[in-house]
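Engineer: Following this message is one structure expressed as structure tokens.
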Amino acid sequence: MAQMDRKIFKTIDEQIEILRSRGLVINDEARTREILFKENYFFISGYRHMFTIPGSRNHFLEGTTFDELYAVFSFDRRIRNTFFKNILIVENNIKSVISYQQSKKYGFKEKDYLNPANFIQDKLESRHVNDILNKMRRQIRVNGRKHTATMHYIDNYGYIPMWIVVKVLSFGTMSEFYSILKHEDKQSIADAYNLDADTLGIYLSILANFRNVCAHENILYDHRTQRMIPDCHYHEELNIPLVEDIYEYGKNDLFCLVIMLKQLLRDDEFNELIDEIKHEVETLDEAIDVVSLESILNKIGFPANWYNIKEL
């Protein structure tokens with residue numbers, strides 16, 4: 001057990017020696033010590049893959065500095081915050097659209113908008129439908145008393161209208177809720193974004209995944225989702241290369257998030273997002289000498305001409 005404890009805990013000085021033993025150049029030891037103490041060695045070292053020698057998990061490319069490693073860490077933090085605030089805009093918008101369309105058609109009391117008769121009627125899906133509706137009821141019951149708006153409706157009216165209840169439901173739950181809607185109801189929601197119903201369903205699922213990565217401050221820049229977005233005209237117009245009939249970029253990487261936000265945000269919101277990301281990419285490029293901008297973009301999942309999506 002004592003041996004395991006020694007492997008788990010390392011002092012800041014020991015952490016610095018580990019990094020040096022792997023070929024990392026540390027020019028300012030005092031600054032490095034402060035950063036490791038405040039930011040956490042484990043999280044910072046998670047960004048080493050940008051700089052490791054091919055075939056080696058831990059040994060850095062010759063000349064790699066701690067400042068470069070920390071620059072990638074900082075870059076990821078900033079773009080994570082940028083993407084997160086824009087995903088939250090989409091989350092709020094989609095919740096508003098769903099609650100409006102469903103309330104208009106089926107009613108605004110829980111017994112109406114959670115009535116199983118209002119959802120897909122495939123017998124094979126009945127258990128899935130009931131599971132999701134029960135999950136929504138649980139979230140309403142648990143979170144309903146935690147928010148002023150929901151408490152107001154419970155105390156004064158005995159129910160919570162859907163346009164209020166969506167505030168206490170997670171994005172993941174809303175994505176699942178969308179998945180059990182009747183096709184015509186899905187399409188009425190997707191029409192607000194000029195998308196087909198199935199594509200929006202895929203987008204919501206993948207967006208919920210990216211949202212969780214951002215919310216839990218996990219590594220974002222090289223994140224890949226299990227699901228892929230459908231091919232779209234942006235892949236073609238940007239001349240993204242095909243590898244075994246699959247577009248190399250913009251399918252399940254960070255650029256697929258850009259493509260989705262292009263279609264889900266207002267133009268001014270999207271343009272601001274793109275300009276912020278461009279600034280962060282340029283800042284990172286200036287901070288790193290040991291690897292090329294092309295390598296950085298490839299790691300992120302961006303094509304070289306990624307910025308052109310702003311004009312499409």
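Each chain in the structure tokens gets a letter, A, B, ..., in the order shown, and its residues are numbered from 1; ligands are numbered from 1 in order too.
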Find the spatial neighbours of segment 90-94 of chain A, counting only C-alpha atoms, within a cut-off of 7 Å - ignore same-chain residues fewer than 3 positions away - and output them as a VMD selection string.
Structural biologist: chain A and resid 86 to 87 97 to 98 171 264 to 265
Engineer: Neighbours of Trp163 of chain A within 12 Å (only C-alpha atoms; same-chain residues fewer than 5 positions away dropped), as a list in words?
Structural biologist: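 Within the cut-off, the hits are Asn92, Asn93, Ile94, Lys95, Ser96, Val97, Ile98, Ser99, Tyr100, Gln101, Gln102, Ser103, Lys104, Gly107, Phe108, Lys109, Glu110, Tyr113, Ala149, Thr150, Tyr153, Val168 and Leu169 of chain A.
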Engineer: Quick one: residues within 9 Å of Ile79 of chain A, only C-alpha atoms counted, chain neighbours fewer than 6 positions away excluded, as a VMD selection string?
Structural biologist: chain A and resid 220 to 221 276 to 277 280
Engineer: Figure out the distance between atom CA of Thr64 of chain A and atom CA of Ile16 of chain A, please, to one decimal in Å.
Structural biologist: 14.1 Å
Engineer: Neighbouring residues of Gly63 of chain A were defined as those with any atom within 10 Å, considering only C-alpha atoms; residues of the same chain fewer than 5 positions away were excluded. Please report them as a PyMOL selection string.
Structural biologist: chain A and resi 23-26+51+68+289-290
Engineer: Could you give me, as a PDB file with N, CA and C atoms, in the first residue's frame, the residues within 9 Å of Ile296 of chain A, counting only C-alpha atoms and dropping anything in the same chain fewer than 3 positions from it?
Structural biologist:
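out_32.pdb written:
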```pdb
ATOM      1  N   MET A  50       0.045  16.703 -27.937  1.00  0.00           N
ATOM      2  CA  MET A  50       0.379  17.598 -29.034  1.00  0.00           C
ATOM      3  C   MET A  50       1.883  17.589 -29.309  1.00  0.00           C
ATOM      4  N   VAL A 281      -6.723  30.654 -32.004  1.00  0.00           N
ATOM      5  CA  VAL A 281      -5.826  29.823 -32.826  1.00  0.00           C
ATOM      6  C   VAL A 281      -4.554  30.597 -33.159  1.00  0.00           C
ATOM      7  N   LEU A 284      -2.363  30.870 -30.070  1.00  0.00           N
ATOM      8  CA  LEU A 284      -1.681  29.604 -29.808  1.00  0.00           C
ATOM      9  C   LEU A 284      -0.536  29.393 -30.791  1.00  0.00           C
ATOM     10  N   ASP A 285      -0.761  29.716 -32.059  1.00  0.00           N
ATOM     11  CA  ASP A 285       0.281  29.552 -33.072  1.00  0.00           C
ATOM     12  C   ASP A 285       1.517  30.375 -32.730  1.00  0.00           C
ATOM     13  N   VAL A 291       5.763  22.645 -32.941  1.00  0.00           N
ATOM     14  CA  VAL A 291       4.860  21.994 -33.897  1.00  0.00           C
ATOM     15  C   VAL A 291       4.220  23.072 -34.776  1.00  0.00           C
ATOM     16  N   SER A 292       3.810  22.688 -35.966  1.00  0.00           N
ATOM     17  CA  SER A 292       3.270  23.634 -36.945  1.00  0.00           C
ATOM     18  C   SER A 292       1.796  23.924 -36.681  1.00  0.00           C
ATOM     19  N   LEU A 293       1.316  25.026 -37.261  1.00  0.00           N
ATOM     20  CA  LEU A 293      -0.107  25.359 -37.183  1.00  0.00           C
ATOM     21  C   LEU A 293      -0.938  24.255 -37.834  1.00  0.00           C
ATOM     22  N   LYS A 299      -4.993  18.355 -35.102  1.00  0.00           N
ATOM     23  CA  LYS A 299      -5.332  17.798 -33.789  1.00  0.00           C
ATOM     24  C   LYS A 299      -6.725  18.244 -33.353  1.00  0.00           C
ATOM     25  N   ILE A 300      -7.058  19.490 -33.669  1.00  0.00           N
ATOM     26  CA  ILE A 300      -8.368  20.024 -33.307  1.00  0.00           C
ATOM     27  C   ILE A 300      -9.470  19.413 -34.177  1.00  0.00           C
ATOM     28  N   GLY A 301      -9.096  19.088 -35.421  1.00  0.00           N
ATOM     29  CA  GLY A 301     -10.083  18.586 -36.373  1.00  0.00           C
ATOM     30  C   GLY A 301     -10.562  19.666 -37.326  1.00  0.00           C
ATOM     31  N   PHE A 302      -9.752  20.730 -37.464  1.00  0.00           N
ATOM     32  CA  PHE A 302     -10.094  21.831 -38.355  1.00  0.00           C
ATOM     33  C   PHE A 302      -9.366  21.666 -39.690  1.00  0.00           C
TER      34      PHE A 302
END
```
Engineer: For Ser205 of chain A, which residue out of A:Ser188, A:Asn252, A:Lys135, A:Leu238 is the nearest one, using only C-alpha atoms?
Structural biologist: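 Closest residue, counting only C-alpha atoms: A:Asn252.
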Engineer: Got a sec to tell me which of segment 84-136 of chain A DSSP assigns to helix (DSSP H, G or I), as a PyMOL selection string?
Structural biologist: chain A and resi 84-106+110-113+116-118+123-136
Engineer: So which residues touch Arg80 of chain A within 12 Å, counting only C-alpha atoms, skipping near sequence neighbours fewer than 5 positions away, as a list in words?
Structural biologist: Val72, Phe73, Ser74, Phe75, Lys85, Asn86, Ile87, Phe210, Arg211, Asn212, Val213, Cys214, Ala215, His216, Glu217, Asn218, Ile219, Leu220, Tyr221, Asp222, His223, Leu254, Leu257, Leu273, Glu276, Ile277 and Glu280 of chain A
Engineer: Next, dump the selected residues to file, keeping only N, CA and C atoms, as a PDB file, in the first residue's frame.
Structural biologist:
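Writing the result to again_3.pdb gives the following:
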```pdb
ATOM      1  N   VAL A  72      -1.232  25.385 -24.674  1.00  0.00           N
ATOM      2  CA  VAL A  72      -2.304  24.525 -25.184  1.00  0.00           C
ATOM      3  C   VAL A  72      -3.389  24.360 -24.123  1.00  0.00           C
ATOM      4  N   PHE A  73      -2.986  24.165 -22.882  1.00  0.00           N
ATOM      5  CA  PHE A  73      -3.933  24.077 -21.770  1.00  0.00           C
ATOM      6  C   PHE A  73      -4.801  25.338 -21.711  1.00  0.00           C
ATOM      7  N   SER A  74      -4.170  26.501 -21.814  1.00  0.00           N
ATOM      8  CA  SER A  74      -4.894  27.776 -21.738  1.00  0.00           C
ATOM      9  C   SER A  74      -5.784  27.980 -22.954  1.00  0.00           C
ATOM     10  N   PHE A  75      -5.272  27.603 -24.131  1.00  0.00           N
ATOM     11  CA  PHE A  75      -6.063  27.675 -25.359  1.00  0.00           C
ATOM     12  C   PHE A  75      -7.329  26.852 -25.218  1.00  0.00           C
ATOM     13  N   LYS A  85     -20.548  28.927 -24.026  1.00  0.00           N
ATOM     14  CA  LYS A  85     -21.550  30.005 -23.980  1.00  0.00           C
ATOM     15  C   LYS A  85     -22.443  29.968 -25.214  1.00  0.00           C
ATOM     16  N   ASN A  86     -21.905  29.516 -26.346  1.00  0.00           N
ATOM     17  CA  ASN A  86     -22.717  29.431 -27.554  1.00  0.00           C
ATOM     18  C   ASN A  86     -23.613  28.196 -27.555  1.00  0.00           C
ATOM     19  N   ILE A  87     -23.142  27.103 -26.982  1.00  0.00           N
ATOM     20  CA  ILE A  87     -24.006  25.928 -26.833  1.00  0.00           C
ATOM     21  C   ILE A  87     -25.181  26.264 -25.915  1.00  0.00           C
ATOM     22  N   PHE A 210     -21.053  17.485 -26.283  1.00  0.00           N
ATOM     23  CA  PHE A 210     -20.084  18.583 -26.206  1.00  0.00           C
ATOM     24  C   PHE A 210     -20.374  19.490 -25.005  1.00  0.00           C
ATOM     25  N   ARG A 211     -21.646  19.687 -24.711  1.00  0.00           N
ATOM     26  CA  ARG A 211     -22.004  20.522 -23.565  1.00  0.00           C
ATOM     27  C   ARG A 211     -21.438  19.944 -22.285  1.00  0.00           C
ATOM     28  N   ASN A 212     -21.547  18.617 -22.134  1.00  0.00           N
ATOM     29  CA  ASN A 212     -21.040  17.971 -20.925  1.00  0.00           C
ATOM     30  C   ASN A 212     -19.522  18.060 -20.832  1.00  0.00           C
ATOM     31  N   VAL A 213     -18.842  17.939 -21.963  1.00  0.00           N
ATOM     32  CA  VAL A 213     -17.385  18.089 -21.973  1.00  0.00           C
ATOM     33  C   VAL A 213     -17.008  19.482 -21.476  1.00  0.00           C
ATOM     34  N   CYS A 214     -17.702  20.492 -21.987  1.00  0.00           N
ATOM     35  CA  CYS A 214     -17.412  21.873 -21.591  1.00  0.00           C
ATOM     36  C   CYS A 214     -17.780  22.125 -20.123  1.00  0.00           C
ATOM     37  N   ALA A 215     -18.949  21.671 -19.722  1.00  0.00           N
ATOM     38  CA  ALA A 215     -19.426  21.941 -18.362  1.00  0.00           C
ATOM     39  C   ALA A 215     -18.544  21.302 -17.297  1.00  0.00           C
ATOM     40  N   HIS A 216     -17.963  20.150 -17.618  1.00  0.00           N
ATOM     41  CA  HIS A 216     -17.113  19.439 -16.650  1.00  0.00           C
ATOM     42  C   HIS A 216     -15.637  19.740 -16.845  1.00  0.00           C
ATOM     43  N   GLU A 217     -15.341  20.710 -17.720  1.00  0.00           N
ATOM     44  CA  GLU A 217     -13.977  21.176 -17.963  1.00  0.00           C
ATOM     45  C   GLU A 217     -13.049  20.036 -18.377  1.00  0.00           C
ATOM     46  N   ASN A 218     -13.570  19.144 -19.209  1.00  0.00           N
ATOM     47  CA  ASN A 218     -12.728  18.101 -19.781  1.00  0.00           C
ATOM     48  C   ASN A 218     -11.995  18.653 -20.996  1.00  0.00           C
ATOM     49  N   ILE A 219     -10.996  17.918 -21.482  1.00  0.00           N
ATOM     50  CA  ILE A 219     -10.239  18.362 -22.650  1.00  0.00           C
ATOM     51  C   ILE A 219     -11.168  18.405 -23.858  1.00  0.00           C
ATOM     52  N   LEU A 220     -11.195  19.555 -24.521  1.00  0.00           N
ATOM     53  CA  LEU A 220     -12.124  19.759 -25.636  1.00  0.00           C
ATOM     54  C   LEU A 220     -11.454  19.694 -26.995  1.00  0.00           C
ATOM     55  N   TYR A 221     -10.257  20.283 -27.118  1.00  0.00           N
ATOM     56  CA  TYR A 221      -9.726  20.554 -28.453  1.00  0.00           C
ATOM     57  C   TYR A 221      -9.557  19.303 -29.312  1.00  0.00           C
ATOM     58  N   ASP A 222      -9.296  18.152 -28.710  1.00  0.00           N
ATOM     59  CA  ASP A 222      -9.156  16.928 -29.512  1.00  0.00           C
ATOM     60  C   ASP A 222     -10.265  15.920 -29.217  1.00  0.00           C
ATOM     61  N   HIS A 223     -11.391  16.411 -28.681  1.00  0.00           N
ATOM     62  CA  HIS A 223     -12.502  15.518 -28.351  1.00  0.00           C
ATOM     63  C   HIS A 223     -13.151  14.977 -29.620  1.00  0.00           C
ATOM     64  N   LEU A 254     -14.128  18.719 -33.337  1.00  0.00           N
ATOM     65  CA  LEU A 254     -14.542  20.065 -32.931  1.00  0.00           C
ATOM     66  C   LEU A 254     -15.107  20.858 -34.107  1.00  0.00           C
ATOM     67  N   LEU A 257     -18.762  20.551 -34.459  1.00  0.00           N
ATOM     68  CA  LEU A 257     -19.479  21.470 -33.567  1.00  0.00           C
ATOM     69  C   LEU A 257     -19.624  22.834 -34.240  1.00  0.00           C
ATOM     70  N   LEU A 273     -18.455  34.058 -32.723  1.00  0.00           N
ATOM     71  CA  LEU A 273     -17.805  32.814 -32.286  1.00  0.00           C
ATOM     72  C   LEU A 273     -16.581  32.528 -33.141  1.00  0.00           C
ATOM     73  N   GLU A 276     -13.670  34.819 -32.472  1.00  0.00           N
ATOM     74  CA  GLU A 276     -13.031  34.509 -31.187  1.00  0.00           C
ATOM     75  C   GLU A 276     -12.128  33.283 -31.320  1.00  0.00           C
ATOM     76  N   ILE A 277     -12.597  32.268 -32.023  1.00  0.00           N
ATOM     77  CA  ILE A 277     -11.786  31.064 -32.213  1.00  0.00           C
ATOM     78  C   ILE A 277     -10.555  31.387 -33.057  1.00  0.00           C
ATOM     79  N   GLU A 280      -7.958  32.918 -30.919  1.00  0.00           N
ATOM     80  CA  GLU A 280      -7.308  31.952 -30.030  1.00  0.00           C
ATOM     81  C   GLU A 280      -6.349  31.039 -30.799  1.00  0.00           C
TER      82      GLU A 280
END
```
